[in-house]
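Some notes on the structure that comes next.
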Amino acid sequence: MPSSPLVLDVTVRWPSRSRDVGWSAGLDVRVTAPEGSTLADVLPLLSDVVASPAEGGAPWGGPVGAPSRVSCRGVTVPPEAVLGRAPLVHGATLVLDEPSRQSVAVSAPLDVVVVAGPDAGRRIPLTSDGVVIGRSAGLGLSLSDERLSRRHARISLSDSGFRLTDLSSTNGTRCGAKTLADSGTVDFDGSQLIAIGNTLLRLERAIGPAASTLPRGDGRIAVNRSPHTRPPELSVTVTAPTPPTPPRRGRIPWLAAALPVPFAGLLAMFFGPQMLAFALLSPLMLIGNVLGDRWGGRREYARELAAYETDLGVRRDEFETLRRLEREQRWRNLPDPAMVLDIATGPGTRLWERRRGAPDVGRVRLGVGDLATRTTWASRNNSGVEQPSSTATLTDLPVE
């Protein structure tokens with residue numbers, strides 16, 4: 001029984017003749033061929049389909065006929081490549097006569113990602129050498145934002161996390177709520193948004209390694225989808241410790257201390273001056289006890305205040321950590337369309353991480369703005385009564 005033909009849908013692109021346009025938009029082509037066919041078998045037909053007879057030649061500027069090179073994702077596809085097997089599978093983009101380019105694969109745990117601006121979606125690994133951003137950044141991240149300087153800013157690693165340096169830019173650099181001075185630097189933890197010109201940058205984890213795949217031989221690839229557990233969106237309130245109560249200033253009972261003095265004078269007249277000395281010990285002991293209580297209360301209050309400030313610092317660190325985690329979770333849960341495209345063209349470990357019927361299906365980021373935070377701070381008065389927490393906002397959050 002003869003086997004059914006193989007059917008593939010691919011996109012074919014070629015260099016544009018126009019100097020203003022680097023590449024053509026491409027042409028979607030459906031290829032139908034017997035099983036076991038190779039690229040060499042169908043390449044002349046692909047060339048005939050995309051050729052333009054009105055121009056008297058191939059659209060990529062060469063003579064009509066098979067192109068000299070076919071590439072997919074920058075890698076040359078050999079003529080003996082079999083249809084239906086990687087990279088000649090459903091959805092592949094084939095580039096005709098793409099110029100060969102030597103590139104070194106660079107990977108890093110974090111990427112510098114453009115999350116807003118004319119080049120939204122661009123990303124580059126943050127290596128140990130750092131990344132320079134600007135309109136002409138060389139080996140760094142070159143962007144088309146007209147408000148950027150040629151070398152605008154630099155992001156590098158530091159002992160405490162990351163460091164942002166303004167490279168004497170014209171329109172300045174902002175990291176979170178802090179605006180850098182000319183040629184200034186600031187260390188940050190990586191959760192802040194970086195604003196340069198009309199562009200917003202952010203540090204994000206790399207898309208990740210490729211998912212486990214198995215070619216089926218019919219133009220499709222079986223992907224082992226990684227499990228995805230979406231953490232719940234919890235509202236957390238961090239309560240400040242109760243401040244210590246200042247000590248009450250004990251008053252010296254001068255009247256009670258002075259009462260024994262007249263009686264001591266009377267006794268001294270009959271029994272001698274020794275009785276006056278003994279009588280004066282009682283007021284002195286009374287005054288000494290009051291002063292001792294004052295000094296002891298102050299020392300005890302100082303110890304309680306030091307413990308309170310230590311506990312308060314721990315709670316504030318916890319509060320800032322929760323706000324940072326909330327920011328990271330919101331950015332991860334709302335990818336922008338460019339990130340969705342990167343995930344879809346994988347196959348990476350995040351491919352199809354959203355299941356049908358899940359609450360996050362179809363949710364994408366459309367902009368950046370200030371939103372109410374789910375992490376709030378509540379204070380206490382000296383009596384331990386919790387004060388109502390005010391509604392705070394987080395800046396530079398993804399808006400859907």
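Residues are named by chain letter and number: chains run A, B, ... in the order of the structure tokens, numbers start at 1 in each chain, and ligands are numbered from 1 in the order shown.
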Need the shell around segment 187-199 of chain A: protein/DNA/RNA residues with any atom at most 6 Å away, counting only C-alpha atoms. Skip same-chain ones fewer than 5 positions apart. Format as a PyMOL selection string? chain A and resi 116-117+147-148+161-163+173-176
Residues as selected, C-alpha atoms, written as an mmCIF file, in the first residue's frame, can you do that?
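New file result13.cif:
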data_model
loop_
_atom_site.group_PDB
_atom_site.id
_atom_site.type_symbol
_atom_site.label_atom_id
_atom_site.label_comp_id
_atom_site.auth_asym_id
_atom_site.auth_seq_id
_atom_site.Cartn_x
_atom_site.Cartn_y
_atom_site.Cartn_z
ATOM 1 C CA ALA A 116 9.426 48.904 26.078
ATOM 2 C CA GLY A 117 10.518 51.212 23.301
ATOM 3 C CA ARG A 147 16.963 59.728 22.317
ATOM 4 C CA LEU A 148 19.866 57.449 23.170
ATOM 5 C CA GLY A 161 24.608 42.332 42.575
ATOM 6 C CA PHE A 162 24.630 44.586 39.525
ATOM 7 C CA ARG A 163 25.963 48.019 38.643
ATOM 8 C CA THR A 173 19.695 57.320 32.957
ATOM 9 C CA ARG A 174 17.230 56.191 35.617
ATOM 10 C CA CYS A 175 17.292 53.024 37.709
ATOM 11 C CA GLY A 176 14.019 52.488 39.537
#
Within 9 Å of Val95 of chain A, counting only C-alpha atoms, which residues show up once you throw out same-chain ones fewer than 4 positions away? Write them as a VMD selection string, please. chain A and resid 11 to 15 26 69 to 74
Generate the output file for the selected residues, N, CA and C atoms, as a compact mmCIF listing (two decimals), in the first residue's frame.
# COMPACT_ATOMS: atom_id res chain seq x y z
N THR A 11 7.95 28.83 5.58
CA THR A 11 8.07 30.22 5.14
C THR A 11 9.42 30.40 4.46
N VAL A 12 9.40 30.97 3.27
CA VAL A 12 10.62 31.19 2.49
C VAL A 12 10.90 32.68 2.44
N ARG A 13 12.13 33.06 2.79
CA ARG A 13 12.53 34.47 2.75
C ARG A 13 13.79 34.60 1.91
N TRP A 14 14.02 35.82 1.43
CA TRP A 14 15.19 36.08 0.60
C TRP A 14 15.62 37.53 0.79
N PRO A 15 16.88 37.84 0.49
CA PRO A 15 17.34 39.23 0.64
C PRO A 15 16.58 40.15 -0.30
N GLY A 26 8.72 37.55 3.13
CA GLY A 26 8.64 36.10 3.07
C GLY A 26 7.37 35.64 2.39
N ARG A 69 22.73 28.80 -1.29
CA ARG A 69 22.71 28.44 0.13
C ARG A 69 21.32 28.59 0.69
N VAL A 70 20.91 27.64 1.49
CA VAL A 70 19.65 27.69 2.22
C VAL A 70 19.98 27.54 3.70
N SER A 71 19.44 28.44 4.51
CA SER A 71 19.73 28.40 5.94
C SER A 71 18.43 28.45 6.73
N CYS A 72 18.51 27.96 7.95
CA CYS A 72 17.39 27.98 8.89
C CYS A 72 17.95 28.37 10.24
N ARG A 73 17.51 29.53 10.75
CA ARG A 73 18.03 30.08 12.01
C ARG A 73 19.53 30.29 11.94
N GLY A 74 20.03 30.73 10.79
CA GLY A 74 21.43 31.03 10.62
C GLY A 74 22.32 29.85 10.35
Between A:Leu203, A:Leu88, A:His152, A:Val340, smallest distance to Ile221 of chain A by only C-alpha atoms belongs to A:Leu88
Which residues come within 9 Å of segment 41-45 of chain A, counting only C-alpha atoms, excluding same-chain residues fewer than 4 positions away, as a PDB file with N, CA and C atoms, in the first residue's frame?
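So the final result, stored in around_19.pdb, reads:
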ATOM      1  N   VAL A  31       4.450  22.539   0.963  1.00  0.00           N
ATOM      2  CA  VAL A  31       5.249  21.570   0.216  1.00  0.00           C
ATOM      3  C   VAL A  31       4.613  20.196   0.378  1.00  0.00           C
ATOM      4  N   ALA A  33       5.335  16.331  -0.861  1.00  0.00           N
ATOM      5  CA  ALA A  33       6.369  15.496  -1.477  1.00  0.00           C
ATOM      6  C   ALA A  33       6.287  14.098  -0.900  1.00  0.00           C
ATOM      7  N   SER A  37      11.866  12.421   0.684  1.00  0.00           N
ATOM      8  CA  SER A  37      12.387  13.456  -0.208  1.00  0.00           C
ATOM      9  C   SER A  37      13.353  14.357   0.564  1.00  0.00           C
ATOM     10  N   VAL A  49       8.694  29.001  -7.356  1.00  0.00           N
ATOM     11  CA  VAL A  49       7.525  29.599  -6.717  1.00  0.00           C
ATOM     12  C   VAL A  49       7.803  31.037  -6.302  1.00  0.00           C
ATOM     13  N   VAL A  50       8.979  31.292  -5.715  1.00  0.00           N
ATOM     14  CA  VAL A  50       9.264  32.630  -5.199  1.00  0.00           C
ATOM     15  C   VAL A  50       9.886  33.538  -6.246  1.00  0.00           C
ATOM     16  N   GLY A  65      16.907  29.875 -10.665  1.00  0.00           N
ATOM     17  CA  GLY A  65      17.453  28.558 -10.398  1.00  0.00           C
ATOM     18  C   GLY A  65      17.615  28.378  -8.909  1.00  0.00           C
ATOM     19  N   ALA A  66      18.223  27.279  -8.542  1.00  0.00           N
ATOM     20  CA  ALA A  66      18.389  26.981  -7.133  1.00  0.00           C
ATOM     21  C   ALA A  66      19.381  27.936  -6.509  1.00  0.00           C
ATOM     22  N   PRO A  67      19.093  28.467  -5.320  1.00  0.00           N
ATOM     23  CA  PRO A  67      20.042  29.349  -4.632  1.00  0.00           C
ATOM     24  C   PRO A  67      21.275  28.568  -4.191  1.00  0.00           C
ATOM     25  N   PRO A  79      21.863  19.994   1.248  1.00  0.00           N
ATOM     26  CA  PRO A  79      20.895  19.520   0.242  1.00  0.00           C
ATOM     27  C   PRO A  79      20.325  18.148   0.556  1.00  0.00           C
ATOM     28  N   GLU A  80      21.100  17.314   1.262  1.00  0.00           N
ATOM     29  CA  GLU A  80      20.622  15.954   1.550  1.00  0.00           C
ATOM     30  C   GLU A  80      19.721  15.895   2.779  1.00  0.00           C
TER      31      GLU A  80
END
Please provide the set of residues having any atom within 9 Å of Leu157 of chain A, restricted to only C-alpha atoms, with same-chain residues fewer than 3 positions apart removed, written as number ranges by chain. A: 126-130, 160-164
With N, CA, C and O atoms retained, write the just-selected residues as an mmCIF file, in the first residue's frame.
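Below you can see out.cif, which holds the result:
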data_model
loop_
_atom_site.group_PDB
_atom_site.id
_atom_site.type_symbol
_atom_site.label_atom_id
_atom_site.label_comp_id
_atom_site.auth_asym_id
_atom_site.auth_seq_id
_atom_site.Cartn_x
_atom_site.Cartn_y
_atom_site.Cartn_z
ATOM 1 N N LEU A 126 23.851 38.958 29.675
ATOM 2 C CA LEU A 126 24.678 39.778 30.547
ATOM 3 C C LEU A 126 25.873 38.938 30.988
ATOM 4 O O LEU A 126 25.779 38.122 31.897
ATOM 5 N N THR A 127 26.997 39.141 30.325
ATOM 6 C CA THR A 127 28.195 38.363 30.610
ATOM 7 C C THR A 127 29.018 39.047 31.692
ATOM 8 O O THR A 127 28.696 40.139 32.170
ATOM 9 N N SER A 128 30.136 38.424 32.053
ATOM 10 C CA SER A 128 31.010 38.986 33.079
ATOM 11 C C SER A 128 31.667 40.285 32.626
ATOM 12 O O SER A 128 32.119 41.072 33.453
ATOM 13 N N ASP A 129 31.730 40.521 31.315
ATOM 14 C CA ASP A 129 32.304 41.764 30.803
ATOM 15 C C ASP A 129 31.311 42.917 30.826
ATOM 16 O O ASP A 129 31.700 44.064 30.559
ATOM 17 N N GLY A 130 30.046 42.649 31.118
ATOM 18 C CA GLY A 130 29.038 43.692 31.113
ATOM 19 C C GLY A 130 28.483 43.936 29.722
ATOM 20 O O GLY A 130 28.944 43.356 28.724
ATOM 21 N N SER A 160 27.819 43.313 45.065
ATOM 22 C CA SER A 160 26.520 43.279 45.738
ATOM 23 C C SER A 160 25.373 42.938 44.797
ATOM 24 O O SER A 160 24.224 42.940 45.213
ATOM 25 N N GLY A 161 25.668 42.662 43.536
ATOM 26 C CA GLY A 161 24.608 42.332 42.575
ATOM 27 C C GLY A 161 24.956 42.838 41.202
ATOM 28 O O GLY A 161 25.743 42.220 40.466
ATOM 29 N N PHE A 162 24.418 44.021 40.846
ATOM 30 C CA PHE A 162 24.630 44.586 39.525
ATOM 31 C C PHE A 162 24.941 46.075 39.666
ATOM 32 O O PHE A 162 24.607 46.704 40.672
ATOM 33 N N ARG A 163 25.574 46.607 38.630
ATOM 34 C CA ARG A 163 25.963 48.019 38.643
ATOM 35 C C ARG A 163 25.566 48.663 37.319
ATOM 36 O O ARG A 163 25.833 48.123 36.241
ATOM 37 N N LEU A 164 24.923 49.819 37.422
ATOM 38 C CA LEU A 164 24.519 50.601 36.255
ATOM 39 C C LEU A 164 25.357 51.866 36.218
ATOM 40 O O LEU A 164 25.444 52.591 37.212
#
With a distance cut-off of 8 Å and only C-alpha atoms, select the neighbouring residues of segment 303-306 of chain A, excluding the residue or stretch itself and same-chain residues fewer than 4 positions from it, and output the selection as a list in words.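 Neighbouring residues, sequence-local ones excluded: Pro243, Pro244, Arg299 and Thr310 of chain A.
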Residues of segment 54-259 of chain A classed as alpha helix (DSSP H) by DSSP on the backbone are to be reported as a PDB file with all heavy atoms, in the first residue's frame.
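Saved to states32.pdb:
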ATOM      1  N   TRP A 254       9.886  65.494  97.596  1.00  0.00           N
ATOM      2  CA  TRP A 254      10.634  66.414  98.455  1.00  0.00           C
ATOM      3  C   TRP A 254       9.934  66.642  99.816  1.00  0.00           C
ATOM      4  O   TRP A 254      10.618  66.768 100.857  1.00  0.00           O
ATOM      5  CB  TRP A 254      10.808  67.751  97.742  1.00  0.00           C
ATOM      6  CG  TRP A 254      11.671  67.662  96.500  1.00  0.00           C
ATOM      7  CD1 TRP A 254      11.282  67.737  95.224  1.00  0.00           C
ATOM      8  CD2 TRP A 254      13.082  67.473  96.498  1.00  0.00           C
ATOM      9  NE1 TRP A 254      12.346  67.600  94.369  1.00  0.00           N
ATOM     10  CE2 TRP A 254      13.486  67.438  95.141  1.00  0.00           C
ATOM     11  CE3 TRP A 254      14.052  67.325  97.506  1.00  0.00           C
ATOM     12  CZ2 TRP A 254      14.798  67.263  94.760  1.00  0.00           C
ATOM     13  CZ3 TRP A 254      15.372  67.160  97.130  1.00  0.00           C
ATOM     14  CH2 TRP A 254      15.738  67.124  95.758  1.00  0.00           C
ATOM     15  N   LEU A 255       8.624  66.696  99.814  1.00  0.00           N
ATOM     16  CA  LEU A 255       7.927  66.920 101.086  1.00  0.00           C
ATOM     17  C   LEU A 255       8.165  65.781 102.050  1.00  0.00           C
ATOM     18  O   LEU A 255       8.460  65.987 103.246  1.00  0.00           O
ATOM     19  CB  LEU A 255       6.428  67.102 100.831  1.00  0.00           C
ATOM     20  CG  LEU A 255       5.555  67.364 102.064  1.00  0.00           C
ATOM     21  CD1 LEU A 255       6.015  68.664 102.768  1.00  0.00           C
ATOM     22  CD2 LEU A 255       4.091  67.466 101.677  1.00  0.00           C
ATOM     23  N   ALA A 256       8.059  64.525 101.520  1.00  0.00           N
ATOM     24  CA  ALA A 256       8.293  63.363 102.391  1.00  0.00           C
ATOM     25  C   ALA A 256       9.743  63.314 102.843  1.00  0.00           C
ATOM     26  O   ALA A 256      10.049  62.864 103.965  1.00  0.00           O
ATOM     27  CB  ALA A 256       7.913  62.089 101.647  1.00  0.00           C
ATOM     28  N   ALA A 257      10.667  63.752 101.947  1.00  0.00           N
ATOM     29  CA  ALA A 257      12.076  63.728 102.342  1.00  0.00           C
ATOM     30  C   ALA A 257      12.397  64.792 103.384  1.00  0.00           C
ATOM     31  O   ALA A 257      13.310  64.630 104.218  1.00  0.00           O
ATOM     32  CB  ALA A 257      12.956  63.928 101.095  1.00  0.00           C
ATOM     33  N   ALA A 258      11.649  65.915 103.344  1.00  0.00           N
ATOM     34  CA  ALA A 258      11.953  67.017 104.280  1.00  0.00           C
ATOM     35  C   ALA A 258      11.259  66.870 105.626  1.00  0.00           C
ATOM     36  O   ALA A 258      11.655  67.545 106.602  1.00  0.00           O
ATOM     37  CB  ALA A 258      11.560  68.353 103.641  1.00  0.00           C
TER      38      ALA A 258
END
Go through A:Val112, A:Leu394, A:Leu39, A:Leu96 one by one, measure the shortest atom-to-atom distance of each to Thr375 of chain A using only C-alpha atoms, and give the residue with the smallest value.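 Counting only C-alpha atoms, the residue closest to Thr375 of chain A is A:Leu394.
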